[in-house]
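Notes for the one structure printed next.
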Amino acid sequence: MITVQREVFDTGAEIRKMTADRTDIGAVVSFTGLVRDFNEGKGVQALTLEHYPGMTEKQLAKIEEEANRRWRLQGSLIIHRYGRMEVSEPIVLVVTASAHRGDAFAAAEFLMDWLKTQAPFWKLEEDPDGSTDWVSERQSDLEAANKWQQSD
Amino acid sequence: MITVQREVFDTGAEIRKMTADRTDIGAVVSFTGLVRDFNEGKGVQALTLEHYPGMTEKQLAKIEEEANRRWRLQGSLIIHRYGRMEVSEPIVLVVTASAHRGDAFAAAEFLMDWLKTQAPFWKLEEDPDGSTDWVSERQSDLEAANKWQQSD
Amino acid sequence: MKILYFAWLRSAIGMPEETINLPEGVRSLHQLIEWQKGRGPAFEKAFADMDTIRIAVNQEYITDDITLTGNEEIAFFPPVTGG
Amino acid sequence: MKILYFAWLRSAIGMPEETINLPEGVRSLHQLIEWQKGRGPAFEKAFADMDTIRIAVNQEYITDDITLTGNEEIAFFPPVTGG
């Protein structure tokens, strides 16, 4: 399931929803991305996430489908927020559920790595002095995504 | 932090505790292991986890220290239950927090892989007909743990 | 056709979107990019280094040149930085 | 010295722990294992295949032979299956 929303989400509640009334799930992995107070050595007091409504949902759905094609998952969820958010607020949530932990871990990491390089979101950082800057693409994110490339 | 307890835990509450009042955390990964209704092709209705009080805590603390030595973590938590638990109850929780997602993912997976092969817990399975069996060591768990071996 | 701009491209060009007819002589995506560069200093500067721009046509990433009909939704934006 | 048994070893031997003095002629872990095998059919069977048994001395895993003083806490158990 994918959701693009302005509102804060609750990681624990989402994990509970995925596992409720299920008896076949042995492993649940969650990843929560938060606004932290520094980036690339600079202070950050808030972020504004811009996105491309329509394309965002399409890209996230494609990424989720690909994860379900590659691993045996009993459940998967991506929630990504947009709009302005302050330090320590959650930005993104990925939850994966599987019979076995290997599949749940790999799928969650894959979802995050692909989302970082494929989902049309852009971060505008506010420094403590109030000035703003668009965040630049990270080489390490490209490398993380590349490790999932398949030759077929 | 490590906790060995009989009581059920709440993954969401533990994640909230780790991130509360923190502004330097960018990534939180959680792994929750649950009792599922099958194992190695057989039905399971409950598990009893036996452990070695004293050694369990020592081994979990060592595993957690090693994770903090290998990765830059802002927080780490292992909760492992013992006693009898029914299908869909949680058994084990690992939470890792870091500035960056790569460290949080790797440390969480490492903690689970090492815990599976090092922490003195033993699972007794109850089949639907009420008969019990000690769970056997899994080759795939040994292989998962071996991939973290360092030459130094 | 609808053209969308995001993030610094939106700021640089000064609008989030516009609706235009396929310009005279433009039949392909590459021709559209060349046409954009000729629309004045803001466009010329924004489109100067195409390595810093990603393109989506009808909400799918496009890296090769393609033929345009004039009915497309075309988006120009920087590399994404969500997550 | 205190000896502990867990999981199927506990069931096979029929007790979770015992306190014994270092037996005559036993000065090392390997000698203790040999002594255990001689304590009757249940012990002989339980300790027949040492590949299926892990050993902790004072709550640390031990894989090599070590000298014993008689003050140790020694645990015998199957490979662990928690998590």
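As shown in the structure tokens, the chain order sets the letters A, B, ...; within each chain, residues go from 1, and ligands are also counted from 1 in the order they appear.
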If we count only C-alpha atoms, which residues of chain B reach to within 9 Å of chain A? Please list them as a ChimeraX atom specification.
/B:10-16,19-38,87-88,90,99-102,104-105,108-109,112,144
Those in region 47-81 of chain C with strand (DSSP E) from DSSP, as a list of chain:residue names
C:Arg54, C:Ile55, C:Ala56, C:Val57, C:Glu60, C:Tyr61, C:Glu73, C:Ile74, C:Ala75, C:Phe76, C:Phe77
Next, write the just-selected residues to a file, as a short mmCIF file (atom, residue, chain, number, x, y, z; two decimals), in the first residue's frame, keeping all heavy atoms as the atom set.
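Output saved as selection.cif:
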data_model
loop_
_atom_site.label_atom_id
_atom_site.label_comp_id
_atom_site.auth_asym_id
_atom_site.auth_seq_id
_atom_site.Cartn_x
_atom_site.Cartn_y
_atom_site.Cartn_z
N ARG C 54 16.09 16.20 -14.83
CA ARG C 54 15.42 14.94 -15.16
C ARG C 54 14.12 15.29 -15.88
O ARG C 54 13.55 16.36 -15.64
CB ARG C 54 15.10 14.13 -13.90
CG ARG C 54 16.34 13.78 -13.07
CD ARG C 54 17.22 12.77 -13.79
NE ARG C 54 18.47 12.56 -13.04
CZ ARG C 54 19.60 13.24 -13.25
NH1 ARG C 54 19.65 14.20 -14.17
NH2 ARG C 54 20.68 12.98 -12.55
N ILE C 55 13.67 14.38 -16.74
CA ILE C 55 12.48 14.65 -17.55
C ILE C 55 11.48 13.50 -17.41
O ILE C 55 11.87 12.33 -17.46
CB ILE C 55 12.86 14.81 -19.05
CG1 ILE C 55 13.93 15.91 -19.20
CG2 ILE C 55 11.62 15.14 -19.89
CD1 ILE C 55 14.56 15.93 -20.58
N ALA C 56 10.23 13.86 -17.18
CA ALA C 56 9.17 12.85 -17.20
C ALA C 56 8.15 13.25 -18.26
O ALA C 56 7.79 14.42 -18.37
CB ALA C 56 8.49 12.75 -15.84
N VAL C 57 7.73 12.28 -19.06
CA VAL C 57 6.67 12.50 -20.04
C VAL C 57 5.50 11.62 -19.62
O VAL C 57 5.67 10.40 -19.44
CB VAL C 57 7.15 12.17 -21.47
CG1 VAL C 57 5.99 12.31 -22.46
CG2 VAL C 57 8.31 13.09 -21.86
N GLU C 60 6.22 9.42 -16.57
CA GLU C 60 7.23 8.36 -16.60
C GLU C 60 8.57 8.98 -16.98
O GLU C 60 8.63 9.84 -17.86
CB GLU C 60 6.89 7.29 -17.67
CG GLU C 60 5.58 6.56 -17.46
CD GLU C 60 5.64 5.54 -16.31
OE1 GLU C 60 6.75 5.19 -15.86
OE2 GLU C 60 4.56 5.11 -15.87
N TYR C 61 9.65 8.51 -16.32
CA TYR C 61 10.98 9.02 -16.65
C TYR C 61 11.32 8.72 -18.10
O TYR C 61 11.07 7.62 -18.60
CB TYR C 61 12.06 8.34 -15.78
CG TYR C 61 12.09 8.85 -14.37
CD1 TYR C 61 11.59 8.09 -13.32
CD2 TYR C 61 12.66 10.09 -14.07
CE1 TYR C 61 11.62 8.56 -12.02
CE2 TYR C 61 12.70 10.56 -12.76
CZ TYR C 61 12.18 9.79 -11.74
OH TYR C 61 12.21 10.26 -10.46
N GLU C 73 1.97 15.52 -21.03
CA GLU C 73 2.32 16.25 -19.81
C GLU C 73 3.82 16.04 -19.63
O GLU C 73 4.28 14.91 -19.44
CB GLU C 73 1.55 15.70 -18.61
CG GLU C 73 1.97 16.32 -17.29
CD GLU C 73 1.12 15.83 -16.11
OE1 GLU C 73 -0.13 15.95 -16.16
OE2 GLU C 73 1.70 15.30 -15.15
N ILE C 74 4.57 17.13 -19.73
CA ILE C 74 6.03 17.02 -19.67
C ILE C 74 6.53 17.76 -18.44
O ILE C 74 6.16 18.91 -18.21
CB ILE C 74 6.68 17.61 -20.94
CG1 ILE C 74 6.14 16.86 -22.17
CG2 ILE C 74 8.21 17.52 -20.87
CD1 ILE C 74 6.70 17.34 -23.48
N ALA C 75 7.34 17.06 -17.63
CA ALA C 75 7.86 17.69 -16.41
C ALA C 75 9.38 17.76 -16.46
O ALA C 75 10.04 16.82 -16.87
CB ALA C 75 7.41 16.89 -15.18
N PHE C 76 9.89 18.92 -16.06
CA PHE C 76 11.35 19.11 -15.94
C PHE C 76 11.65 19.33 -14.46
O PHE C 76 11.00 20.16 -13.81
CB PHE C 76 11.80 20.32 -16.74
CG PHE C 76 11.59 20.18 -18.22
CD1 PHE C 76 10.50 20.79 -18.85
CD2 PHE C 76 12.48 19.45 -19.00
CE1 PHE C 76 10.30 20.66 -20.22
CE2 PHE C 76 12.29 19.31 -20.37
CZ PHE C 76 11.20 19.93 -20.99
N PHE C 77 12.61 18.59 -13.92
CA PHE C 77 12.93 18.76 -12.50
C PHE C 77 14.35 18.30 -12.18
O PHE C 77 14.95 17.56 -12.96
CB PHE C 77 11.90 18.04 -11.64
CG PHE C 77 11.59 16.60 -12.01
CD1 PHE C 77 12.46 15.58 -11.68
CD2 PHE C 77 10.40 16.28 -12.68
CE1 PHE C 77 12.15 14.26 -11.99
CE2 PHE C 77 10.10 14.95 -13.00
CZ PHE C 77 10.98 13.94 -12.66
#
All in-order C-alpha pairs, least squares, chain A moved onto chain B. Output the fitted coordinates as a PDB file with C-alpha atoms, in the first residue's frame, please.
ATOM      1  CA  MET A   1      19.874  -1.211  25.783  1.00  0.00           C
ATOM      2  CA  ILE A   2      18.963  -4.850  26.244  1.00  0.00           C
ATOM      3  CA  THR A   3      15.986  -6.364  28.011  1.00  0.00           C
ATOM      4  CA  VAL A   4      15.051 -10.006  28.573  1.00  0.00           C
ATOM      5  CA  GLN A   5      11.456 -10.267  29.707  1.00  0.00           C
ATOM      6  CA  ARG A   6       8.426 -12.506  29.821  1.00  0.00           C
ATOM      7  CA  GLU A   7       5.943  -9.707  29.002  1.00  0.00           C
ATOM      8  CA  VAL A   8       4.767  -8.623  25.565  1.00  0.00           C
ATOM      9  CA  PHE A   9       6.435  -5.440  24.243  1.00  0.00           C
ATOM     10  CA  ASP A  10       5.121  -2.705  21.964  1.00  0.00           C
ATOM     11  CA  THR A  11       7.314  -1.948  18.948  1.00  0.00           C
ATOM     12  CA  GLY A  12       5.817   1.500  18.347  1.00  0.00           C
ATOM     13  CA  ALA A  13       6.300   2.579  21.961  1.00  0.00           C
ATOM     14  CA  GLU A  14       9.944   1.467  21.892  1.00  0.00           C
ATOM     15  CA  ILE A  15      10.625   3.392  18.673  1.00  0.00           C
ATOM     16  CA  ARG A  16       9.011   6.487  20.192  1.00  0.00           C
ATOM     17  CA  LYS A  17      11.139   6.186  23.348  1.00  0.00           C
ATOM     18  CA  MET A  18      14.338   5.952  21.294  1.00  0.00           C
ATOM     19  CA  THR A  19      13.577   9.050  19.217  1.00  0.00           C
ATOM     20  CA  ALA A  20      11.893  11.222  21.892  1.00  0.00           C
ATOM     21  CA  ASP A  21      13.661  14.566  22.436  1.00  0.00           C
ATOM     22  CA  ARG A  22      16.300  13.695  19.830  1.00  0.00           C
ATOM     23  CA  THR A  23      17.001  15.935  16.849  1.00  0.00           C
ATOM     24  CA  ASP A  24      20.037  14.139  15.446  1.00  0.00           C
ATOM     25  CA  ILE A  25      18.337  10.931  14.312  1.00  0.00           C
ATOM     26  CA  GLY A  26      17.600  10.620  10.604  1.00  0.00           C
ATOM     27  CA  ALA A  27      16.824   6.913  10.363  1.00  0.00           C
ATOM     28  CA  VAL A  28      15.191   4.351  12.627  1.00  0.00           C
ATOM     29  CA  VAL A  29      14.974   0.670  11.684  1.00  0.00           C
ATOM     30  CA  SER A  30      12.944  -1.827  13.679  1.00  0.00           C
ATOM     31  CA  PHE A  31      12.784  -5.585  13.377  1.00  0.00           C
ATOM     32  CA  THR A  32       9.987  -7.466  15.113  1.00  0.00           C
ATOM     33  CA  GLY A  33      10.003 -11.249  15.155  1.00  0.00           C
ATOM     34  CA  LEU A  34       6.588 -12.888  15.634  1.00  0.00           C
ATOM     35  CA  VAL A  35       5.337 -16.412  16.304  1.00  0.00           C
ATOM     36  CA  ARG A  36       3.946 -17.636  12.994  1.00  0.00           C
ATOM     37  CA  ASP A  37       1.642 -20.583  12.490  1.00  0.00           C
ATOM     38  CA  PHE A  38       4.094 -22.730  10.532  1.00  0.00           C
ATOM     39  CA  ASN A  39       7.774 -23.673  10.615  1.00  0.00           C
ATOM     40  CA  GLU A  40       9.678 -25.948   8.261  1.00  0.00           C
ATOM     41  CA  GLY A  41       6.397 -27.069   6.739  1.00  0.00           C
ATOM     42  CA  LYS A  42       4.678 -27.975  10.026  1.00  0.00           C
ATOM     43  CA  GLY A  43       1.830 -26.254  11.840  1.00  0.00           C
ATOM     44  CA  VAL A  44       2.666 -24.369  15.045  1.00  0.00           C
ATOM     45  CA  GLN A  45       0.177 -23.197  17.657  1.00  0.00           C
ATOM     46  CA  ALA A  46       2.544 -21.822  20.303  1.00  0.00           C
ATOM     47  CA  LEU A  47       6.213 -21.564  21.255  1.00  0.00           C
ATOM     48  CA  THR A  48       7.974 -21.761  24.580  1.00  0.00           C
ATOM     49  CA  LEU A  49      11.268 -19.907  24.689  1.00  0.00           C
ATOM     50  CA  GLU A  50      13.754 -21.271  27.222  1.00  0.00           C
ATOM     51  CA  HIS A  51      16.862 -19.230  27.980  1.00  0.00           C
ATOM     52  CA  TYR A  52      19.971 -19.147  30.144  1.00  0.00           C
ATOM     53  CA  PRO A  53      19.457 -16.296  32.620  1.00  0.00           C
ATOM     54  CA  GLY A  54      22.692 -14.383  33.089  1.00  0.00           C
ATOM     55  CA  MET A  55      24.439 -15.641  29.974  1.00  0.00           C
ATOM     56  CA  THR A  56      21.597 -14.345  27.806  1.00  0.00           C
ATOM     57  CA  GLU A  57      22.032 -10.780  29.054  1.00  0.00           C
ATOM     58  CA  LYS A  58      25.823 -11.013  28.700  1.00  0.00           C
ATOM     59  CA  GLN A  59      25.615 -12.279  25.124  1.00  0.00           C
ATOM     60  CA  LEU A  60      23.041  -9.694  24.069  1.00  0.00           C
ATOM     61  CA  ALA A  61      25.142  -6.901  25.621  1.00  0.00           C
ATOM     62  CA  LYS A  62      28.216  -8.144  23.713  1.00  0.00           C
ATOM     63  CA  ILE A  63      26.276  -8.263  20.443  1.00  0.00           C
ATOM     64  CA  GLU A  64      24.960  -4.741  20.998  1.00  0.00           C
ATOM     65  CA  GLU A  65      28.448  -3.429  21.804  1.00  0.00           C
ATOM     66  CA  GLU A  66      29.790  -5.002  18.632  1.00  0.00           C
ATOM     67  CA  ALA A  67      27.075  -3.314  16.533  1.00  0.00           C
ATOM     68  CA  ASN A  68      27.936   0.047  18.105  1.00  0.00           C
ATOM     69  CA  ARG A  69      31.616  -0.572  17.354  1.00  0.00           C
ATOM     70  CA  ARG A  70      30.908  -1.339  13.692  1.00  0.00           C
ATOM     71  CA  TRP A  71      28.340   1.358  12.886  1.00  0.00           C
ATOM     72  CA  ARG A  72      27.605   4.919  13.974  1.00  0.00           C
ATOM     73  CA  LEU A  73      24.430   4.520  15.965  1.00  0.00           C
ATOM     74  CA  GLN A  74      22.513   7.092  17.971  1.00  0.00           C
ATOM     75  CA  GLY A  75      20.587   4.354  19.705  1.00  0.00           C
ATOM     76  CA  SER A  76      20.155   0.579  19.819  1.00  0.00           C
ATOM     77  CA  LEU A  77      17.755  -1.716  21.601  1.00  0.00           C
ATOM     78  CA  ILE A  78      17.244  -5.463  21.880  1.00  0.00           C
ATOM     79  CA  ILE A  79      14.202  -6.907  23.660  1.00  0.00           C
ATOM     80  CA  HIS A  80      13.899 -10.693  23.743  1.00  0.00           C
ATOM     81  CA  ARG A  81      11.036 -12.515  25.421  1.00  0.00           C
ATOM     82  CA  TYR A  82      11.051 -15.910  27.122  1.00  0.00           C
ATOM     83  CA  GLY A  83       8.235 -18.191  28.269  1.00  0.00           C
ATOM     84  CA  ARG A  84       5.204 -19.372  26.356  1.00  0.00           C
ATOM     85  CA  MET A  85       3.791 -17.311  23.510  1.00  0.00           C
ATOM     86  CA  GLU A  86       0.989 -17.951  21.053  1.00  0.00           C
ATOM     87  CA  VAL A  87       0.789 -17.414  17.312  1.00  0.00           C
ATOM     88  CA  SER A  88       1.158 -13.758  16.255  1.00  0.00           C
ATOM     89  CA  GLU A  89       2.704 -12.690  19.574  1.00  0.00           C
ATOM     90  CA  PRO A  90       6.033 -10.836  19.312  1.00  0.00           C
ATOM     91  CA  ILE A  91       9.204 -12.715  20.333  1.00  0.00           C
ATOM     92  CA  VAL A  92      12.052 -10.321  19.681  1.00  0.00           C
ATOM     93  CA  LEU A  93      12.572  -6.646  18.880  1.00  0.00           C
ATOM     94  CA  VAL A  94      15.632  -4.872  17.535  1.00  0.00           C
ATOM     95  CA  VAL A  95      15.617  -1.103  17.019  1.00  0.00           C
ATOM     96  CA  THR A  96      18.539   0.921  15.659  1.00  0.00           C
ATOM     97  CA  ALA A  97      18.767   4.679  15.163  1.00  0.00           C
ATOM     98  CA  SER A  98      21.379   6.559  13.173  1.00  0.00           C
ATOM     99  CA  ALA A  99      21.939   9.752  11.223  1.00  0.00           C
ATOM    100  CA  HIS A 100      21.969   7.679   8.008  1.00  0.00           C
ATOM    101  CA  ARG A 101      19.844   4.778   6.853  1.00  0.00           C
ATOM    102  CA  GLY A 102      22.721   2.543   5.748  1.00  0.00           C
ATOM    103  CA  ASP A 103      24.090   2.272   9.290  1.00  0.00           C
ATOM    104  CA  ALA A 104      20.647   1.692  10.826  1.00  0.00           C
ATOM    105  CA  PHE A 105      19.749  -1.084   8.349  1.00  0.00           C
ATOM    106  CA  ALA A 106      23.101  -2.874   8.570  1.00  0.00           C
ATOM    107  CA  ALA A 107      23.216  -2.753  12.365  1.00  0.00           C
ATOM    108  CA  ALA A 108      19.649  -4.072  12.751  1.00  0.00           C
ATOM    109  CA  GLU A 109      20.295  -6.988  10.396  1.00  0.00           C
ATOM    110  CA  PHE A 110      23.614  -7.744  12.102  1.00  0.00           C
ATOM    111  CA  LEU A 111      21.988  -7.719  15.555  1.00  0.00           C
ATOM    112  CA  MET A 112      19.324 -10.197  14.410  1.00  0.00           C
ATOM    113  CA  ASP A 113      21.793 -12.481  12.607  1.00  0.00           C
ATOM    114  CA  TRP A 114      24.179 -12.608  15.570  1.00  0.00           C
ATOM    115  CA  LEU A 115      21.420 -12.946  18.132  1.00  0.00           C
ATOM    116  CA  LYS A 116      20.009 -15.936  16.212  1.00  0.00           C
ATOM    117  CA  THR A 117      23.299 -17.828  16.480  1.00  0.00           C
ATOM    118  CA  GLN A 118      24.793 -16.469  19.747  1.00  0.00           C
ATOM    119  CA  ALA A 119      22.052 -15.675  22.250  1.00  0.00           C
ATOM    120  CA  PRO A 120      21.215 -18.706  24.450  1.00  0.00           C
ATOM    121  CA  PHE A 121      17.514 -19.147  23.670  1.00  0.00           C
ATOM    122  CA  TRP A 122      15.815 -22.356  22.601  1.00  0.00           C
ATOM    123  CA  LYS A 123      12.407 -22.705  21.009  1.00  0.00           C
ATOM    124  CA  LEU A 124      10.026 -25.509  21.911  1.00  0.00           C
ATOM    125  CA  GLU A 125       7.247 -25.729  19.314  1.00  0.00           C
ATOM    126  CA  GLU A 126       3.731 -26.900  20.086  1.00  0.00           C
ATOM    127  CA  ASP A 127       1.987 -28.499  17.112  1.00  0.00           C
ATOM    128  CA  PRO A 128      -1.772 -28.091  16.694  1.00  0.00           C
ATOM    129  CA  ASP A 129      -2.227 -31.626  18.111  1.00  0.00           C
ATOM    130  CA  GLY A 130      -0.422 -30.582  21.302  1.00  0.00           C
ATOM    131  CA  SER A 131       2.832 -32.493  20.737  1.00  0.00           C
ATOM    132  CA  THR A 132       6.071 -30.572  21.277  1.00  0.00           C
ATOM    133  CA  ASP A 133       9.431 -30.457  19.519  1.00  0.00           C
ATOM    134  CA  TRP A 134      12.666 -28.555  20.071  1.00  0.00           C
ATOM    135  CA  VAL A 135      13.408 -26.415  17.024  1.00  0.00           C
ATOM    136  CA  SER A 136      16.616 -27.328  15.195  1.00  0.00           C
ATOM    137  CA  GLU A 137      19.397 -24.959  14.282  1.00  0.00           C
ATOM    138  CA  ARG A 138      19.014 -23.547  10.754  1.00  0.00           C
ATOM    139  CA  GLN A 139      21.817 -23.654   8.203  1.00  0.00           C
ATOM    140  CA  SER A 140      20.522 -20.368   6.733  1.00  0.00           C
ATOM    141  CA  ASP A 141      20.980 -18.668  10.129  1.00  0.00           C
ATOM    142  CA  LEU A 142      24.595 -19.819  10.318  1.00  0.00           C
ATOM    143  CA  GLU A 143      25.215 -18.500   6.806  1.00  0.00           C
ATOM    144  CA  ALA A 144      23.534 -15.182   7.629  1.00  0.00           C
ATOM    145  CA  ALA A 145      25.763 -14.776  10.700  1.00  0.00           C
ATOM    146  CA  ASN A 146      28.896 -15.766   8.775  1.00  0.00           C
ATOM    147  CA  LYS A 147      28.515 -12.926   6.301  1.00  0.00           C
ATOM    148  CA  TRP A 148      29.361 -10.483   9.141  1.00  0.00           C
ATOM    149  CA  GLN A 149      32.659 -12.179  10.012  1.00  0.00           C
ATOM    150  CA  GLN A 150      35.575  -9.758   9.964  1.00  0.00           C
ATOM    151  CA  SER A 151      39.159 -10.812   9.351  1.00  0.00           C
ATOM    152  CA  ASP A 152      40.659  -8.466  11.958  1.00  0.00           C
TER     153      ASP A 152
END
Give one line per residue of chain D that approaches chain B to at most 7 Å, naming the two atoms of the closest pair and their distance in Å to one decimal, counting only C-alpha atoms; sort by chain then ascending residue number and deliver it as a tab-separated table.
residue	atom	partner	partner_atom	distance
D:Ala7	CA	B:Trp122	CA	6.3
D:Trp8	CA	B:Trp134	CA	6.8
D:Gln59	CA	B:Met55	CA	4.8
D:Pro79	CA	B:Glu137	CA	6.0
D:Val80	CA	B:Pro120	CA	5.5
D:Thr81	CA	B:Trp122	CA	4.8
D:Gly82	CA	B:Phe121	CA	4.5
D:Gly83	CA	B:Lys116	CA	5.1
Excluding region 15-30 of chain D and residues on its chain fewer than 5 positions from it, collect all residues at most 7 Å away from it, counting only C-alpha atoms, and give them as number ranges by chain.
D: 1-6, 10, 65-68, 70
